[in-house]
file entry_23.cif (mmCIF, C-alpha atoms and all ligand atoms)
data_work
loop_
_atom_site.group_PDB
_atom_site.id
_atom_site.type_symbol
_atom_site.label_atom_id
_atom_site.label_comp_id
_atom_site.auth_asym_id
_atom_site.auth_seq_id
_atom_site.Cartn_x
_atom_site.Cartn_y
_atom_site.Cartn_z
ATOM 1 C CA MET A 296 21.490 -162.473 209.625
ATOM 2 C CA ASP A 297 21.546 -166.219 209.182
ATOM 3 C CA PRO A 298 18.280 -167.514 207.634
ATOM 4 C CA ILE A 299 17.929 -170.048 210.446
ATOM 5 C CA LEU A 300 18.185 -167.303 213.071
ATOM 6 C CA ASP A 301 15.745 -165.164 211.058
ATOM 7 C CA ARG A 302 13.226 -167.969 211.301
ATOM 8 C CA PHE A 303 14.003 -168.396 215.018
ATOM 9 C CA LYS A 304 13.089 -164.722 215.456
ATOM 10 C CA GLU A 305 9.880 -165.104 213.459
ATOM 11 C CA THR A 306 8.783 -167.928 215.767
ATOM 12 C CA ASN A 307 9.941 -166.081 218.931
ATOM 13 C CA ALA A 308 12.466 -168.856 219.544
ATOM 14 C CA LEU A 309 15.067 -166.095 219.636
ATOM 15 C CA LEU A 310 14.233 -162.893 221.471
ATOM 16 C CA ASP A 311 16.156 -159.633 221.834
ATOM 17 C CA GLY A 312 15.601 -157.685 225.025
ATOM 18 C CA HIS A 313 16.707 -157.844 228.644
ATOM 19 C CA PHE A 314 16.075 -161.186 230.264
ATOM 20 C CA VAL A 315 16.549 -162.929 233.586
ATOM 21 C CA LEU A 316 17.793 -166.417 232.752
ATOM 22 C CA SER A 317 16.991 -169.438 234.909
ATOM 23 C CA SER A 318 20.554 -169.114 236.247
ATOM 24 C CA GLY A 319 19.682 -165.646 237.574
ATOM 25 C CA LEU A 320 22.085 -164.006 235.116
ATOM 26 C CA HIS A 321 20.862 -161.282 232.758
ATOM 27 C CA SER A 322 21.130 -161.519 228.973
ATOM 28 C CA PRO A 323 20.109 -159.460 225.931
ATOM 29 C CA THR A 324 19.231 -162.718 224.143
ATOM 30 C CA TYR A 325 16.813 -165.494 224.964
ATOM 31 C CA LEU A 326 16.747 -168.787 223.077
ATOM 32 C CA GLN A 327 13.905 -171.306 223.303
ATOM 33 C CA CYS A 328 14.534 -173.867 220.601
ATOM 34 C CA ALA A 329 11.200 -175.638 221.112
ATOM 35 C CA LEU A 330 9.455 -172.641 219.567
ATOM 36 C CA ALA A 331 11.545 -172.981 216.403
ATOM 37 C CA LEU A 332 10.436 -176.604 216.101
ATOM 38 C CA GLN A 333 6.702 -176.116 216.666
ATOM 39 C CA HIS A 334 5.963 -176.046 212.936
ATOM 40 C CA PRO A 335 6.731 -179.463 211.428
ATOM 41 C CA ALA A 336 7.852 -177.939 208.130
ATOM 42 C CA ASP A 337 10.531 -175.935 209.961
ATOM 43 C CA ALA A 338 11.640 -178.988 211.949
ATOM 44 C CA ALA A 339 11.784 -181.056 208.763
ATOM 45 C CA GLU A 340 13.912 -178.418 207.023
ATOM 46 C CA LEU A 341 16.381 -178.281 209.940
ATOM 47 C CA GLY A 342 16.573 -182.069 209.903
ATOM 48 C CA ARG A 343 17.293 -182.001 206.174
ATOM 49 C CA GLN A 344 20.079 -179.467 206.685
ATOM 50 C CA ILE A 345 21.719 -181.632 209.331
ATOM 51 C CA ALA A 346 21.273 -184.741 207.172
ATOM 52 C CA THR A 347 23.012 -182.982 204.257
ATOM 53 C CA GLN A 348 26.140 -182.567 206.398
ATOM 54 C CA PHE A 349 26.431 -186.339 206.721
ATOM 55 C CA ALA A 350 25.598 -187.353 203.171
ATOM 56 C CA GLY A 351 27.621 -190.355 202.097
ATOM 57 C CA GLN A 352 28.817 -191.172 205.601
ATOM 58 C CA ASP A 353 28.350 -194.666 206.972
ATOM 59 C CA ILE A 354 25.662 -194.023 209.587
ATOM 60 C CA GLN A 355 23.038 -196.588 210.559
ATOM 61 C CA THR A 356 20.979 -194.877 213.242
ATOM 62 C CA VAL A 357 20.191 -191.428 214.624
ATOM 63 C CA ALA A 358 19.849 -190.985 218.396
ATOM 64 C CA SER A 359 19.034 -187.981 220.584
ATOM 65 C CA PRO A 360 18.995 -187.066 224.261
ATOM 66 C CA ALA A 361 15.394 -186.404 225.369
ATOM 67 C CA ILE A 362 13.620 -184.036 225.485
ATOM 68 C CA GLY A 363 15.448 -181.305 223.595
ATOM 69 C CA GLY A 364 16.839 -183.509 220.856
ATOM 70 C CA LEU A 365 13.724 -185.520 220.050
ATOM 71 C CA ILE A 366 12.103 -183.454 217.311
ATOM 72 C CA VAL A 367 15.212 -182.458 215.389
ATOM 73 C CA GLY A 368 16.654 -185.961 215.816
ATOM 74 C CA PHE A 369 13.503 -187.499 214.385
ATOM 75 C CA ALA A 370 13.533 -185.014 211.502
ATOM 76 C CA THR A 371 17.184 -185.782 210.758
ATOM 77 C CA ALA A 372 16.540 -189.530 210.803
ATOM 78 C CA GLN A 373 13.569 -189.099 208.504
ATOM 79 C CA ALA A 374 15.665 -187.098 206.041
ATOM 80 C CA MET A 375 18.368 -189.776 206.106
ATOM 81 C CA GLY A 376 15.938 -192.695 205.941
ATOM 82 C CA LEU A 377 17.340 -194.117 209.183
ATOM 83 C CA ARG A 378 16.029 -195.503 212.450
ATOM 84 C CA PHE A 379 15.616 -193.042 215.324
ATOM 85 C CA ILE A 380 15.999 -193.836 219.024
ATOM 86 C CA TRP A 381 16.544 -191.742 222.121
ATOM 87 C CA THR A 382 18.093 -191.714 225.555
ATOM 88 C CA GLU A 383 16.527 -190.183 228.635
ATOM 89 C CA ARG A 384 17.500 -189.470 232.199
ATOM 90 C CA GLN A 385 16.413 -191.973 234.807
ATOM 91 C CA GLN A 386 17.232 -190.820 238.350
ATOM 92 C CA GLY A 387 19.655 -188.383 236.751
ATOM 93 C CA VAL A 388 21.492 -190.940 234.622
ATOM 94 C CA MET A 389 21.154 -190.882 230.820
ATOM 95 C CA THR A 390 19.777 -194.289 229.882
ATOM 96 C CA VAL A 391 18.505 -196.242 226.886
ATOM 97 C CA ARG A 392 14.980 -197.380 227.816
ATOM 98 C CA ARG A 393 11.652 -198.312 226.199
ATOM 99 C CA GLY A 394 12.982 -201.501 224.673
ATOM 100 C CA PHE A 395 15.384 -199.722 222.306
ATOM 101 C CA SER A 396 18.431 -201.821 221.552
ATOM 102 C CA VAL A 397 21.607 -201.265 219.556
ATOM 103 C CA GLU A 398 23.877 -203.778 217.909
ATOM 104 C CA GLU A 399 27.578 -204.200 218.631
ATOM 105 C CA GLY A 400 29.377 -201.633 216.487
ATOM 106 C CA GLU A 401 26.167 -199.952 215.266
ATOM 107 C CA ARG A 402 27.197 -196.595 213.777
ATOM 108 C CA ILE A 403 25.167 -193.783 215.322
ATOM 109 C CA LEU A 404 24.811 -190.029 214.795
ATOM 110 C CA VAL A 405 23.733 -188.138 217.937
ATOM 111 C CA VAL A 406 21.579 -185.044 217.280
ATOM 112 C CA GLU A 407 20.586 -182.348 219.752
ATOM 113 C CA ASP A 408 18.782 -179.010 219.426
ATOM 114 C CA VAL A 409 21.288 -176.770 221.214
ATOM 115 C CA ILE A 410 24.836 -177.483 222.349
ATOM 116 C CA THR A 411 26.000 -175.302 225.225
ATOM 117 C CA THR A 412 28.493 -177.388 227.184
ATOM 118 C CA GLY A 413 27.859 -180.617 225.282
ATOM 119 C CA GLY A 414 26.836 -182.397 228.471
ATOM 120 C CA SER A 415 23.623 -184.015 227.211
ATOM 121 C CA THR A 416 25.260 -185.151 223.984
ATOM 122 C CA ARG A 417 28.208 -186.643 225.875
ATOM 123 C CA GLU A 418 25.866 -188.482 228.251
ATOM 124 C CA CYS A 419 23.835 -189.797 225.313
ATOM 125 C CA ILE A 420 27.030 -191.024 223.623
ATOM 126 C CA THR A 421 28.146 -192.775 226.814
ATOM 127 C CA ALA A 422 24.790 -194.539 227.246
ATOM 128 C CA LEU A 423 24.881 -195.809 223.653
ATOM 129 C CA GLU A 424 28.514 -196.877 223.765
ATOM 130 C CA GLU A 425 27.954 -198.792 227.001
ATOM 131 C CA LEU A 426 25.607 -200.966 224.917
ATOM 132 C CA GLY A 427 28.279 -201.520 222.274
ATOM 133 C CA ALA A 428 27.284 -198.881 219.701
ATOM 134 C CA LYS A 429 29.882 -196.760 217.917
ATOM 135 C CA VAL A 430 28.900 -193.079 217.922
ATOM 136 C CA VAL A 431 30.586 -191.618 214.854
ATOM 137 C CA ALA A 432 29.479 -187.973 214.977
ATOM 138 C CA ALA A 433 27.265 -185.429 216.708
ATOM 139 C CA ALA A 434 25.209 -182.502 215.442
ATOM 140 C CA SER A 435 23.070 -179.664 216.745
ATOM 141 C CA ILE A 436 21.003 -176.875 215.249
ATOM 142 C CA ILE A 437 22.614 -174.218 217.449
ATOM 143 C CA ASP A 438 26.094 -174.078 218.947
ATOM 144 C CA ARG A 439 26.259 -171.751 221.955
ATOM 145 C CA SER A 440 29.790 -172.834 222.832
ATOM 146 C CA ASN A 441 31.679 -170.855 220.161
ATOM 147 C CA GLY A 442 32.808 -174.225 218.863
ATOM 148 C CA ALA A 443 34.407 -175.111 222.190
ATOM 149 C CA ALA A 444 32.133 -177.957 223.331
ATOM 150 C CA ASP A 445 34.074 -181.215 223.051
ATOM 151 C CA VAL A 446 31.871 -184.304 222.878
ATOM 152 C CA GLY A 447 34.646 -186.726 221.926
ATOM 153 C CA VAL A 448 33.478 -187.275 218.336
ATOM 154 C CA PRO A 449 33.412 -184.980 215.264
ATOM 155 C CA ARG A 450 30.639 -182.427 215.705
ATOM 156 C CA ILE A 451 28.805 -179.960 213.459
ATOM 157 C CA SER A 452 26.164 -177.316 214.061
ATOM 158 C CA LEU A 453 24.005 -175.390 211.611
ATOM 159 C CA VAL A 454 24.598 -172.025 213.253
ATOM 160 C CA GLY A 455 26.660 -170.531 216.054
ATOM 161 C CA LEU A 456 25.053 -168.156 218.518
ATOM 162 C CA ASP A 457 26.887 -166.128 221.109
ATOM 163 C CA VAL A 458 24.603 -165.459 224.069
ATOM 164 C CA PRO A 459 26.249 -163.061 226.504
ATOM 165 C CA SER A 460 25.179 -163.190 230.137
ATOM 166 C CA TYR A 461 25.895 -160.826 232.987
ATOM 167 C CA ASP A 462 25.774 -160.768 236.732
ATOM 168 C CA PRO A 463 22.925 -158.331 237.470
ATOM 169 C CA ALA A 464 25.386 -156.040 239.301
ATOM 170 C CA GLU A 465 27.432 -155.734 236.105
ATOM 171 C CA CYS A 466 24.592 -155.839 233.573
ATOM 172 C CA PRO A 467 24.883 -152.951 231.067
ATOM 173 C CA MET A 468 21.131 -152.963 230.467
ATOM 174 C CA CYS A 469 20.432 -152.656 234.189
ATOM 175 C CA ALA A 470 22.979 -149.840 234.255
ATOM 176 C CA ARG A 471 20.834 -148.039 231.675
ATOM 177 C CA GLY A 472 17.824 -148.475 233.967
ATOM 178 C CA GLU A 473 16.085 -151.039 231.776
ATOM 179 C CA THR A 474 13.848 -153.571 233.486
ATOM 180 C CA ALA A 475 14.764 -157.247 233.110
ATOM 181 C CA VAL A 476 11.926 -159.666 232.370
ATOM 182 C CA LYS A 477 11.599 -163.394 232.792
ATOM 183 C CA PRO A 478 11.262 -165.031 229.355
ATOM 184 C CA GLY A 479 7.737 -166.175 228.682
ATOM 185 C CA SER A 480 6.164 -163.578 230.931
ATOM 186 C CA ARG A 481 3.866 -161.202 229.114
ATOM 187 C CA SER A 482 4.557 -158.207 231.321
ATOM 188 C CA SER A 483 7.441 -155.915 230.568
HETATM 189 ZN ZN ZN B 1 20.143 -156.607 233.619
#
call {"tool": "encode", "arguments": {"input": "entry_23.cif", "output": "structure tokens"}}
result
Amino acid sequence: MDPILDRFKETNALLDGHFVLSSGLHSPTYLQCALALQHPADAAELGRQIATQFAGQDIQTVASPAIGGLIVGFATAQAMGLRFIWTERQQGVMTVRRGFSVEEGERILVVEDVITTGGSTRECITALEELGAKVVAAASIIDRSNGAADVGVPRISLVGLDVPSYDPAECPMCARGETAVKPGSRSS
């Protein structure tokens, strides 16, 4: 298996089993990226790996959508020796707050923990570009989209992860009589 996913399993960020997702669908896989980032040395290493992908590129600033992108975005910026800022939702709209500013044409890399549809990254890009920045690329640790998420700029991820999900009525694990558990619950 991929060494990143091995480490995700060691930190319980990636679980195999039979889970009820927040959507109500069932899945044999549960991903909680925050657990993979709880040890700063792991977060720093993931940031370094993302930074390596952009070596030599003309990037001035790293930005992330809060909350998921904050730790890996910071780690990436630290590895690249760049400034780090973030966007956050205010009444549902991704916004640049807290006094952060960007210059006209400032070249920004947007970093997130997990890309599924690309929605948060796209909203972060829009918020930055409305202020005049030029987002030149995007990155994530995990790509759950099979490469399909289109964020409008070149995009990389460190590892792809296919997470199947099933309607409970069609779930093969339910069909085998296995009990589904909510991730994070200790009973099973
Ligand atoms: Zn099931």
call {"tool": "resolve_selection", "arguments": {"input": "entry_23.cif", "expression": "the PyMOL selection byres (((not hetatm)) within 12 of (chain B and resi 1))", "output": "number ranges by chain"}}
result
A: 312-316, 319-324, 459-477
call {"tool": "closest_residue", "arguments": {"input": "entry_23.cif", "among": "A:Thr411, A:Ile437, A:Arg402, A:Leu330", "to": "A:Gln352", "atoms": "only C-alpha atoms"}}
result
A:Arg402
call {"tool": "atom_distance", "arguments": {"input": "entry_23.cif", "atom1": "atom CA of A:Pro335", "atom2": "atom CA of A:Thr371"}}
result
12.2 Å
call {"tool": "residues_around", "arguments": {"input": "entry_23.cif", "residues": "A:Val448", "least_positions_apart": "5", "cutoff": "10 Å", "atoms": "all atoms listed in the file", "output": "compact mmCIF listing (two decimals) with C-alpha atoms, in the coordinates of the input"}}
result
# COMPACT_ATOMS: atom_id res chain seq x y z
CA LEU A 404 24.81 -190.03 214.80
CA VAL A 405 23.73 -188.14 217.94
CA ARG A 417 28.21 -186.64 225.88
CA ILE A 420 27.03 -191.02 223.62
CA VAL A 430 28.90 -193.08 217.92
CA VAL A 431 30.59 -191.62 214.85
CA ALA A 432 29.48 -187.97 214.98
CA ALA A 433 27.26 -185.43 216.71
CA ALA A 434 25.21 -182.50 215.44
call {"tool": "resolve_selection", "arguments": {"input": "entry_23.cif", "expression": "the PyMOL selection byres (((chain A and resi 385-393) around 7) and not hetatm)", "output": "PDB file with C-alpha atoms, keeping the file's coordinate frame"}}
result
ATOM      1  CA  TRP A 381      16.544-191.742 222.121  1.00  0.00           C
ATOM      2  CA  THR A 382      18.093-191.714 225.555  1.00  0.00           C
ATOM      3  CA  GLU A 383      16.527-190.183 228.635  1.00  0.00           C
ATOM      4  CA  ARG A 384      17.500-189.470 232.199  1.00  0.00           C
ATOM      5  CA  GLY A 394      12.982-201.501 224.673  1.00  0.00           C
ATOM      6  CA  PHE A 395      15.384-199.722 222.306  1.00  0.00           C
ATOM      7  CA  GLU A 418      25.866-188.482 228.251  1.00  0.00           C
ATOM      8  CA  CYS A 419      23.835-189.797 225.313  1.00  0.00           C
ATOM      9  CA  ALA A 422      24.790-194.539 227.246  1.00  0.00           C
TER      10      ALA A 422
END
call {"tool": "resolve_selection", "arguments": {"input": "entry_23.cif", "expression": "the PyMOL selection byres (((chain A and resi 380) around 9) and not hetatm)", "output": "short mmCIF file (atom, residue, chain, number, x, y, z; two decimals) with C-alpha atoms, in the frame of the given file"}}
result
data_model
loop_
_atom_site.label_atom_id
_atom_site.label_comp_id
_atom_site.auth_asym_id
_atom_site.auth_seq_id
_atom_site.Cartn_x
_atom_site.Cartn_y
_atom_site.Cartn_z
CA THR A 356 20.98 -194.88 213.24
CA VAL A 357 20.19 -191.43 214.62
CA ALA A 358 19.85 -190.98 218.40
CA SER A 359 19.03 -187.98 220.58
CA LEU A 365 13.72 -185.52 220.05
CA GLY A 368 16.65 -185.96 215.82
CA PHE A 369 13.50 -187.50 214.38
CA ARG A 378 16.03 -195.50 212.45
CA PHE A 379 15.62 -193.04 215.32
CA TRP A 381 16.54 -191.74 222.12
CA THR A 382 18.09 -191.71 225.56
CA VAL A 391 18.50 -196.24 226.89
CA PHE A 395 15.38 -199.72 222.31
CA SER A 396 18.43 -201.82 221.55
#
call {"tool": "closest_residue", "arguments": {"input": "entry_23.cif", "among": "A:Gly427, A:Pro360, A:Gly413, A:Gly342", "to": "A:Ala374", "atoms": "only C-alpha atoms"}}
result
A:Gly342
call {"tool": "atom_distance", "arguments": {"input": "entry_23.cif", "atom1": "atom CA of A:Ile436", "atom2": "atom CA of A:Glu398"}}
result
27.2 Å
call {"tool": "closest_residue", "arguments": {"input": "entry_23.cif", "among": "A:Ala444, A:Cys328, A:Ala428, A:Met375", "to": "A:Gln348", "atoms": "only C-alpha atoms"}}
result
A:Met375
call {"tool": "closest_residue", "arguments": {"input": "entry_23.cif", "among": "A:Thr306, A:Thr421, A:Gln355, A:Ser317", "to": "A:Val446", "atoms": "all atoms listed in the file"}}
result
A:Thr421
call {"tool": "residues_near_point", "arguments": {"input": "entry_23.cif", "point": "(26.9, -168.0, 219.7)", "cutoff": "6 Å", "atoms": "only C-alpha atoms", "output": "number ranges by chain"}}
result
A: 439, 441, 455-458
call {"tool": "write_last_selection", "arguments": {"input": "entry_23.cif", "atoms": "C-alpha atoms", "output": "tab-separated table (two decimals), in the coordinates of the input"}}
result
chain	number	residue	atom	x	y	z
A	439	ARG	CA	26.26	-171.75	221.96
A	441	ASN	CA	31.68	-170.86	220.16
A	455	GLY	CA	26.66	-170.53	216.05
A	456	LEU	CA	25.05	-168.16	218.52
A	457	ASP	CA	26.89	-166.13	221.11
A	458	VAL	CA	24.60	-165.46	224.07
